[in-house]
There are 2 protein chains.
Amino acid sequence: MRKLLSEKEVEQQLTGVKGWQITNGKLQKEFLFQDFTRAFGFMTSVALIAESMNHHPEWRNVYNRVSIELSTHDLGGISNLDFQFASKVDQLSS
Amino acid sequence: MRKLLSEKEVEQQLTGVKGWQITNGKLQKEFLFQDFTRAFGFMTSVALIAESMNHHPEWRNVYNRVSIELSTHDLGGISNLDFQFASKVDQLSS
């Protein structure tokens with residue numbers, strides 16, 4: 001079930017994910033890699049998460065940097081799905 | 001050979017590539033696809049171009065949209081390499 005989170009719920013959820021922050025109303029994190037090959041390898045993994053969850057990030061890449069922004073457009077804010085997505089992304093490097 | 005292009009040379013080169021424009025001093029184009037799978041498939045191809053040319057774009061993706069910005073940082077502007085890159089990207093869909 002997708003559920004829009006209140007400001008307080010977002011704050012609570014933020015304690016459970018490392019390095020993610022709220023930027024412009026979105027759940028955001030920047031990832032740094034050794035080089036472009038590794039950055040794009042990571043992006044490929046994130047793309048598979050996105051497609052399997054049918055939940056797609058706004059993201060950008062410059063060389064070894066990847067910035068991911070998450071929100072749930074049709075609910076108009078940050079939902080539990082965004083935090084699930086963030087956790088799955090973080091599990092990639094664990 | 002990499003060569004920084006003058007404003008006039010950039011204008012001339014722009015006539016040879018479709019849909020590319022100068023935005024914030026960078027050579028920019030937005031690509032639209034049917035869905036995320038196709039957009040990311042395109043990005044994978046662009047990543048291979050980038051790595052083979054050792055020239056990496058600033059780019060972003062949201063669902064079926066991909067925006068690519070090209071410039072040659074160490075030359076401080078747009079070079080012939082950026083237009084070579086743009087042509088290679090355009091050839092992907094031809």
# chains A, B, ... in the order shown; residues from 1 in each chain; ligands from 1
>>> interface_residues(of="chain B", to="chain A", cutoff="9 Å", atoms="only C-alpha atoms", output="PyMOL selection string")
chain B and resi 36-37+40+44+47+50-51+55-63
>>> residues_around(residues="range 10-26 of chain A", least_positions_apart="2", cutoff="6 Å", atoms="only C-alpha atoms", output="ChimeraX atom specification")
/A:5,7-8,28-29,69-71
>>> closest_residue(among="B:Ser79, B:Ser52, B:Thr72, B:Ser87", to="Leu4 in chain B", atoms="only C-alpha atoms")
B:Ser79
>>> select_by_dssp(residues="chain A", states="alpha helix (DSSP H)", output="VMD selection string")
chain A and resid 7 to 14 36 to 53 80 to 92
>>> select_by_dssp(residues="chain A", states="strand (DSSP E)", output="PyMOL selection string")
chain A and resi 21-23+26-32+58-62+65-70
>>> write_last_selection(atoms="N, CA and C atoms", output="PDB file, in the first residue's frame")
ATOM      1  N   GLN A  21      18.324  12.925   2.728  1.00  0.00           N
ATOM      2  CA  GLN A  21      17.812  14.141   3.338  1.00  0.00           C
ATOM      3  C   GLN A  21      16.640  14.665   2.504  1.00  0.00           C
ATOM      4  N   ILE A  22      15.917  15.587   3.073  1.00  0.00           N
ATOM      5  CA  ILE A  22      14.818  16.201   2.326  1.00  0.00           C
ATOM      6  C   ILE A  22      15.346  17.457   1.638  1.00  0.00           C
ATOM      7  N   THR A  23      15.269  17.484   0.311  1.00  0.00           N
ATOM      8  CA  THR A  23      15.714  18.628  -0.480  1.00  0.00           C
ATOM      9  C   THR A  23      14.603  18.990  -1.460  1.00  0.00           C
ATOM     10  N   LYS A  26      11.798  16.590  -1.658  1.00  0.00           N
ATOM     11  CA  LYS A  26      12.073  15.235  -2.133  1.00  0.00           C
ATOM     12  C   LYS A  26      13.111  14.557  -1.249  1.00  0.00           C
ATOM     13  N   LEU A  27      13.076  13.235  -1.267  1.00  0.00           N
ATOM     14  CA  LEU A  27      14.037  12.433  -0.525  1.00  0.00           C
ATOM     15  C   LEU A  27      15.272  12.277  -1.406  1.00  0.00           C
ATOM     16  N   GLN A  28      16.383  12.860  -0.965  1.00  0.00           N
ATOM     17  CA  GLN A  28      17.545  12.999  -1.849  1.00  0.00           C
ATOM     18  C   GLN A  28      18.817  12.440  -1.227  1.00  0.00           C
ATOM     19  N   LYS A  29      19.649  11.852  -2.082  1.00  0.00           N
ATOM     20  CA  LYS A  29      20.978  11.423  -1.631  1.00  0.00           C
ATOM     21  C   LYS A  29      21.953  11.484  -2.795  1.00  0.00           C
ATOM     22  N   GLU A  30      23.177  11.856  -2.492  1.00  0.00           N
ATOM     23  CA  GLU A  30      24.219  11.860  -3.519  1.00  0.00           C
ATOM     24  C   GLU A  30      25.186  10.713  -3.269  1.00  0.00           C
ATOM     25  N   PHE A  31      25.510  10.006  -4.332  1.00  0.00           N
ATOM     26  CA  PHE A  31      26.427   8.867  -4.266  1.00  0.00           C
ATOM     27  C   PHE A  31      27.693   9.200  -5.050  1.00  0.00           C
ATOM     28  N   LEU A  32      28.823   8.836  -4.467  1.00  0.00           N
ATOM     29  CA  LEU A  32      30.116   9.137  -5.080  1.00  0.00           C
ATOM     30  C   LEU A  32      30.852   7.831  -5.363  1.00  0.00           C
ATOM     31  N   GLU A  58      13.890  10.795  -9.993  1.00  0.00           N
ATOM     32  CA  GLU A  58      14.535  11.866 -10.746  1.00  0.00           C
ATOM     33  C   GLU A  58      15.998  11.765 -10.370  1.00  0.00           C
ATOM     34  N   TRP A  59      16.847  11.628 -11.347  1.00  0.00           N
ATOM     35  CA  TRP A  59      18.251  11.463 -10.994  1.00  0.00           C
ATOM     36  C   TRP A  59      19.139  12.057 -12.043  1.00  0.00           C
ATOM     37  N   ARG A  60      20.350  12.390 -11.601  1.00  0.00           N
ATOM     38  CA  ARG A  60      21.326  12.978 -12.503  1.00  0.00           C
ATOM     39  C   ARG A  60      22.693  12.382 -12.233  1.00  0.00           C
ATOM     40  N   ASN A  61      23.520  12.444 -13.237  1.00  0.00           N
ATOM     41  CA  ASN A  61      24.874  11.905 -13.133  1.00  0.00           C
ATOM     42  C   ASN A  61      25.844  12.850 -13.814  1.00  0.00           C
ATOM     43  N   VAL A  62      26.957  13.093 -13.156  1.00  0.00           N
ATOM     44  CA  VAL A  62      28.115  13.725 -13.769  1.00  0.00           C
ATOM     45  C   VAL A  62      29.322  12.896 -13.366  1.00  0.00           C
ATOM     46  N   ARG A  65      29.553  10.992  -9.976  1.00  0.00           N
ATOM     47  CA  ARG A  65      28.536  11.398  -9.020  1.00  0.00           C
ATOM     48  C   ARG A  65      27.132  11.051  -9.521  1.00  0.00           C
ATOM     49  N   VAL A  66      26.324  10.507  -8.642  1.00  0.00           N
ATOM     50  CA  VAL A  66      24.924  10.222  -8.961  1.00  0.00           C
ATOM     51  C   VAL A  66      24.059  10.821  -7.865  1.00  0.00           C
ATOM     52  N   SER A  67      23.115  11.669  -8.246  1.00  0.00           N
ATOM     53  CA  SER A  67      22.182  12.230  -7.276  1.00  0.00           C
ATOM     54  C   SER A  67      20.785  11.674  -7.564  1.00  0.00           C
ATOM     55  N   ILE A  68      20.158  11.138  -6.532  1.00  0.00           N
ATOM     56  CA  ILE A  68      18.825  10.546  -6.676  1.00  0.00           C
ATOM     57  C   ILE A  68      17.823  11.348  -5.854  1.00  0.00           C
ATOM     58  N   GLU A  69      16.716  11.717  -6.475  1.00  0.00           N
ATOM     59  CA  GLU A  69      15.623  12.407  -5.773  1.00  0.00           C
ATOM     60  C   GLU A  69      14.356  11.576  -5.898  1.00  0.00           C
ATOM     61  N   LEU A  70      13.727  11.341  -4.763  1.00  0.00           N
ATOM     62  CA  LEU A  70      12.531  10.495  -4.751  1.00  0.00           C
ATOM     63  C   LEU A  70      11.325  11.258  -4.223  1.00  0.00           C
TER      64      LEU A  70
END
>>> atom_distance(atom1="CA of Ser6 in chain A", atom2="CA of Gly77 in chain A")
9.1 Å
>>> atom_distance(atom1="CA of Lys88 in chain B", atom2="CA of Glu9 in chain B")
19.1 Å
>>> atom_distance(atom1="CA of Phe33 in chain A", atom2="CA of Ala86 in chain A")
17.5 Å
>>> decode(residues="range 18-29 of chain A", atoms="all heavy atoms", output="mmCIF file, in the first residue's frame")
data_model
loop_
_atom_site.group_PDB
_atom_site.id
_atom_site.type_symbol
_atom_site.label_atom_id
_atom_site.label_comp_id
_atom_site.auth_asym_id
_atom_site.auth_seq_id
_atom_site.Cartn_x
_atom_site.Cartn_y
_atom_site.Cartn_z
ATOM 1 N N LYS A 18 20.540 6.068 5.878
ATOM 2 C CA LYS A 18 21.762 6.855 6.063
ATOM 3 C C LYS A 18 22.034 7.765 4.870
ATOM 4 O O LYS A 18 22.092 7.310 3.733
ATOM 5 C CB LYS A 18 22.962 5.912 6.216
ATOM 6 C CG LYS A 18 23.370 5.656 7.653
ATOM 7 C CD LYS A 18 24.742 4.989 7.707
ATOM 8 C CE LYS A 18 25.053 4.533 9.127
ATOM 9 N NZ LYS A 18 26.212 3.642 9.192
ATOM 10 N N GLY A 19 22.244 9.049 5.159
ATOM 11 C CA GLY A 19 22.703 9.962 4.105
ATOM 12 C C GLY A 19 21.593 10.553 3.264
ATOM 13 O O GLY A 19 21.845 11.382 2.394
ATOM 14 N N TRP A 20 20.367 10.126 3.475
ATOM 15 C CA TRP A 20 19.238 10.680 2.744
ATOM 16 C C TRP A 20 18.740 11.924 3.492
ATOM 17 O O TRP A 20 18.737 11.966 4.712
ATOM 18 C CB TRP A 20 18.103 9.661 2.615
ATOM 19 C CG TRP A 20 18.445 8.505 1.729
ATOM 20 C CD1 TRP A 20 19.097 7.366 2.117
ATOM 21 C CD2 TRP A 20 18.189 8.363 0.328
ATOM 22 N NE1 TRP A 20 19.251 6.518 1.048
ATOM 23 C CE2 TRP A 20 18.702 7.108 -0.069
ATOM 24 C CE3 TRP A 20 17.571 9.170 -0.631
ATOM 25 C CZ2 TRP A 20 18.622 6.638 -1.377
ATOM 26 C CZ3 TRP A 20 17.486 8.710 -1.938
ATOM 27 C CH2 TRP A 20 18.013 7.459 -2.300
ATOM 28 N N GLN A 21 18.324 12.925 2.728
ATOM 29 C CA GLN A 21 17.812 14.141 3.338
ATOM 30 C C GLN A 21 16.640 14.665 2.504
ATOM 31 O O GLN A 21 16.425 14.213 1.374
ATOM 32 C CB GLN A 21 18.911 15.199 3.394
ATOM 33 C CG GLN A 21 19.509 15.517 2.022
ATOM 34 C CD GLN A 21 20.728 16.425 2.115
ATOM 35 O OE1 GLN A 21 21.029 16.942 3.172
ATOM 36 N NE2 GLN A 21 21.419 16.615 1.004
ATOM 37 N N ILE A 22 15.917 15.587 3.073
ATOM 38 C CA ILE A 22 14.818 16.201 2.326
ATOM 39 C C ILE A 22 15.346 17.457 1.638
ATOM 40 O O ILE A 22 15.851 18.374 2.302
ATOM 41 C CB ILE A 22 13.633 16.553 3.246
ATOM 42 C CG1 ILE A 22 13.185 15.311 4.033
ATOM 43 C CG2 ILE A 22 12.471 17.119 2.428
ATOM 44 C CD1 ILE A 22 12.823 14.111 3.183
ATOM 45 N N THR A 23 15.269 17.484 0.311
ATOM 46 C CA THR A 23 15.714 18.628 -0.480
ATOM 47 C C THR A 23 14.603 18.990 -1.460
ATOM 48 O O THR A 23 14.185 18.153 -2.253
ATOM 49 C CB THR A 23 17.002 18.274 -1.269
ATOM 50 O OG1 THR A 23 17.983 17.793 -0.346
ATOM 51 C CG2 THR A 23 17.562 19.487 -1.987
ATOM 52 N N ASN A 24 14.127 20.207 -1.380
ATOM 53 C CA ASN A 24 13.021 20.648 -2.239
ATOM 54 C C ASN A 24 11.838 19.685 -2.197
ATOM 55 O O ASN A 24 11.263 19.349 -3.233
ATOM 56 C CB ASN A 24 13.495 20.815 -3.692
ATOM 57 C CG ASN A 24 14.566 21.882 -3.825
ATOM 58 O OD1 ASN A 24 14.518 22.900 -3.130
ATOM 59 N ND2 ASN A 24 15.530 21.656 -4.704
ATOM 60 N N GLY A 25 11.509 19.227 -1.016
ATOM 61 C CA GLY A 25 10.347 18.355 -0.855
ATOM 62 C C GLY A 25 10.537 16.942 -1.363
ATOM 63 O O GLY A 25 9.570 16.187 -1.505
ATOM 64 N N LYS A 26 11.798 16.590 -1.658
ATOM 65 C CA LYS A 26 12.073 15.235 -2.133
ATOM 66 C C LYS A 26 13.111 14.557 -1.249
ATOM 67 O O LYS A 26 13.909 15.220 -0.593
ATOM 68 C CB LYS A 26 12.555 15.283 -3.583
ATOM 69 C CG LYS A 26 11.427 15.639 -4.529
ATOM 70 C CD LYS A 26 11.897 15.951 -5.914
ATOM 71 C CE LYS A 26 10.722 16.467 -6.745
ATOM 72 N NZ LYS A 26 11.163 17.168 -7.952
ATOM 73 N N LEU A 27 13.076 13.235 -1.267
ATOM 74 C CA LEU A 27 14.037 12.433 -0.525
ATOM 75 C C LEU A 27 15.272 12.277 -1.406
ATOM 76 O O LEU A 27 15.201 11.655 -2.471
ATOM 77 C CB LEU A 27 13.403 11.076 -0.196
ATOM 78 C CG LEU A 27 14.192 10.108 0.682
ATOM 79 C CD1 LEU A 27 14.514 10.723 2.040
ATOM 80 C CD2 LEU A 27 13.402 8.808 0.861
ATOM 81 N N GLN A 28 16.383 12.860 -0.965
ATOM 82 C CA GLN A 28 17.545 12.999 -1.849
ATOM 83 C C GLN A 28 18.817 12.440 -1.227
ATOM 84 O O GLN A 28 19.029 12.547 -0.022
ATOM 85 C CB GLN A 28 17.730 14.488 -2.184
ATOM 86 C CG GLN A 28 18.766 14.790 -3.255
ATOM 87 C CD GLN A 28 20.157 15.057 -2.696
ATOM 88 O OE1 GLN A 28 20.318 15.287 -1.513
ATOM 89 N NE2 GLN A 28 21.170 14.972 -3.544
ATOM 90 N N LYS A 29 19.649 11.852 -2.082
ATOM 91 C CA LYS A 29 20.978 11.423 -1.631
ATOM 92 C C LYS A 29 21.953 11.484 -2.795
ATOM 93 O O LYS A 29 21.574 11.219 -3.940
ATOM 94 C CB LYS A 29 20.916 9.985 -1.081
ATOM 95 C CG LYS A 29 22.246 9.477 -0.499
ATOM 96 C CD LYS A 29 22.075 8.118 0.186
ATOM 97 C CE LYS A 29 23.378 7.547 0.714
ATOM 98 N NZ LYS A 29 23.179 6.244 1.401
#
